[in-house]
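To keep things clear, I will list the structure first and then write my remarks on it.
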Amino acid sequence: GDRVLSFEPKTDWPVGQGYEVRMDRALLSDQLRVENLSFKFATAPFAVSVKGGEFYQDPVSPTHKKAIVSVAFSHPVAPDEFEKRISLRMEGQKEGVLGVGADSTPFTVSYDKKKLSAFVHSTPIAIPNKDSFVDLKLAAGVRAQKGGPASAADLTQRVAVPGLFSLRMNGADMVLVNNER
């Protein structure tokens, strides 16, 4: 148009990439005034965030108890890069020396259709005698499918696992229903 110049690339913008745009004054008419003939911008960087964790008990099969942690991404994630940076440990498992010989809790990962969310599921957990925790650690270095700079920070999430003899309520609500029954 006469006020807007639009540029659209043929493919998606690369993740976390900087650009500089320069226009030659000879391309514009002499009557046209332009505030800036050059400018810089960057595309959005790849971001990872832990959205939460929960202890889940299957309502159909009460013996299936597990921890689930949800993780969100700003761009579709590269699954291999993500999964190799996850460690899941039940509190009290052997830590090893400098990570060597440490015990870990096996897990599986499921993704949404666009790979913008991931769900880390522990294998079934045996309920401990006392309250405990399952800790997820996500090491830095996770990348988007399209490349770009990797995530720079380690992330953690702690999921509470109730013990055999603990009783905890998350809430109680009262609802009055008026009907003939």
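Letters A, B, ... go to the chains of the structure tokens in the order shown; residues in each chain start at 1; ligands are counted from 1 in the same order.
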Shell around range 78-87 of chain A at 10 Å using only C-alpha atoms, local window under 3 positions removed, as an NGL selection string:
:A and (75 or 103-111 or 115 or 118 or 120 or 135-147 or 150 or 154-156)
Among range 1-157 of chain A, which residues carry a DSSP assignment of strand (DSSP E), reported as a VMD selection string?
chain A and resid 18 to 22 38 to 42 48 to 57 65 to 73 86 to 90 107 to 111 117 to 122 132 to 138 155 to 157
Near Asn36 in chain A, counting only C-alpha atoms, which residues have an atom at most 9 Å away, once you skip same-chain residues fewer than 3 positions from it, shown as a JSON list (two decimals) with C-alpha atoms, in the first residue's frame?
[["chain", "number", "residue", "atom", "x", "y", "z"],
["A", 22, "ARG", "CA", 18.24, -1.95, 4.68],
["A", 23, "MET", "CA", 16.50, -0.16, 1.83],
["A", 39, "PHE", "CA", 16.09, -1.40, 11.10]]
Counting only C-alpha atoms, what is within 10 Å of Ser49 in chain A, bar same-chain residues fewer than 3 positions away, as a list in words?
Gly52, Ser70, Val71, Ala72, Phe73, Ser74, Ser117, Leu138, Ser151, Leu155 and Thr156 of chain A
Please return as a VMD selection string: the residues of chain A that backbone DSSP assigns to helix (DSSP H, G or I).
chain A and resid 25 to 27 79 to 83
Would you export the selected residues with C-alpha atoms as a PDB file, in the first residue's frame, please?
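Done, and the output landed in selection00.pdb:
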ATOM      1  CA  ARG A  25      17.064   5.343  -1.118  1.00  0.00           C
ATOM      2  CA  ALA A  26      17.141   4.988  -4.919  1.00  0.00           C
ATOM      3  CA  LEU A  27      14.248   2.504  -4.715  1.00  0.00           C
ATOM      4  CA  PRO A  79      11.411 -34.935  20.695  1.00  0.00           C
ATOM      5  CA  ASP A  80      14.825 -36.639  20.763  1.00  0.00           C
ATOM      6  CA  GLU A  81      16.514 -33.485  22.081  1.00  0.00           C
ATOM      7  CA  PHE A  82      13.847 -33.130  24.759  1.00  0.00           C
ATOM      8  CA  GLU A  83      13.664 -36.726  25.967  1.00  0.00           C
TER       9      GLU A  83
END
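Restricting the calculation to only C-alpha atoms, the smallest distance between Gln57 in chain A and any of A:Met169, A:Glu180, A:Ala126, A:Ser132 is found for A:Ala126.
The gap separating CA of Ala153 in chain A from CA of Val48 in chain A is 9.0 Å, in Å to one decimal.
Among the candidate residues A:Ala42, A:Leu5, A:Leu32, A:Ala47, the one lying nearest to Ala152 in chain A is A:Ala47, with distances computed using only C-alpha atoms.
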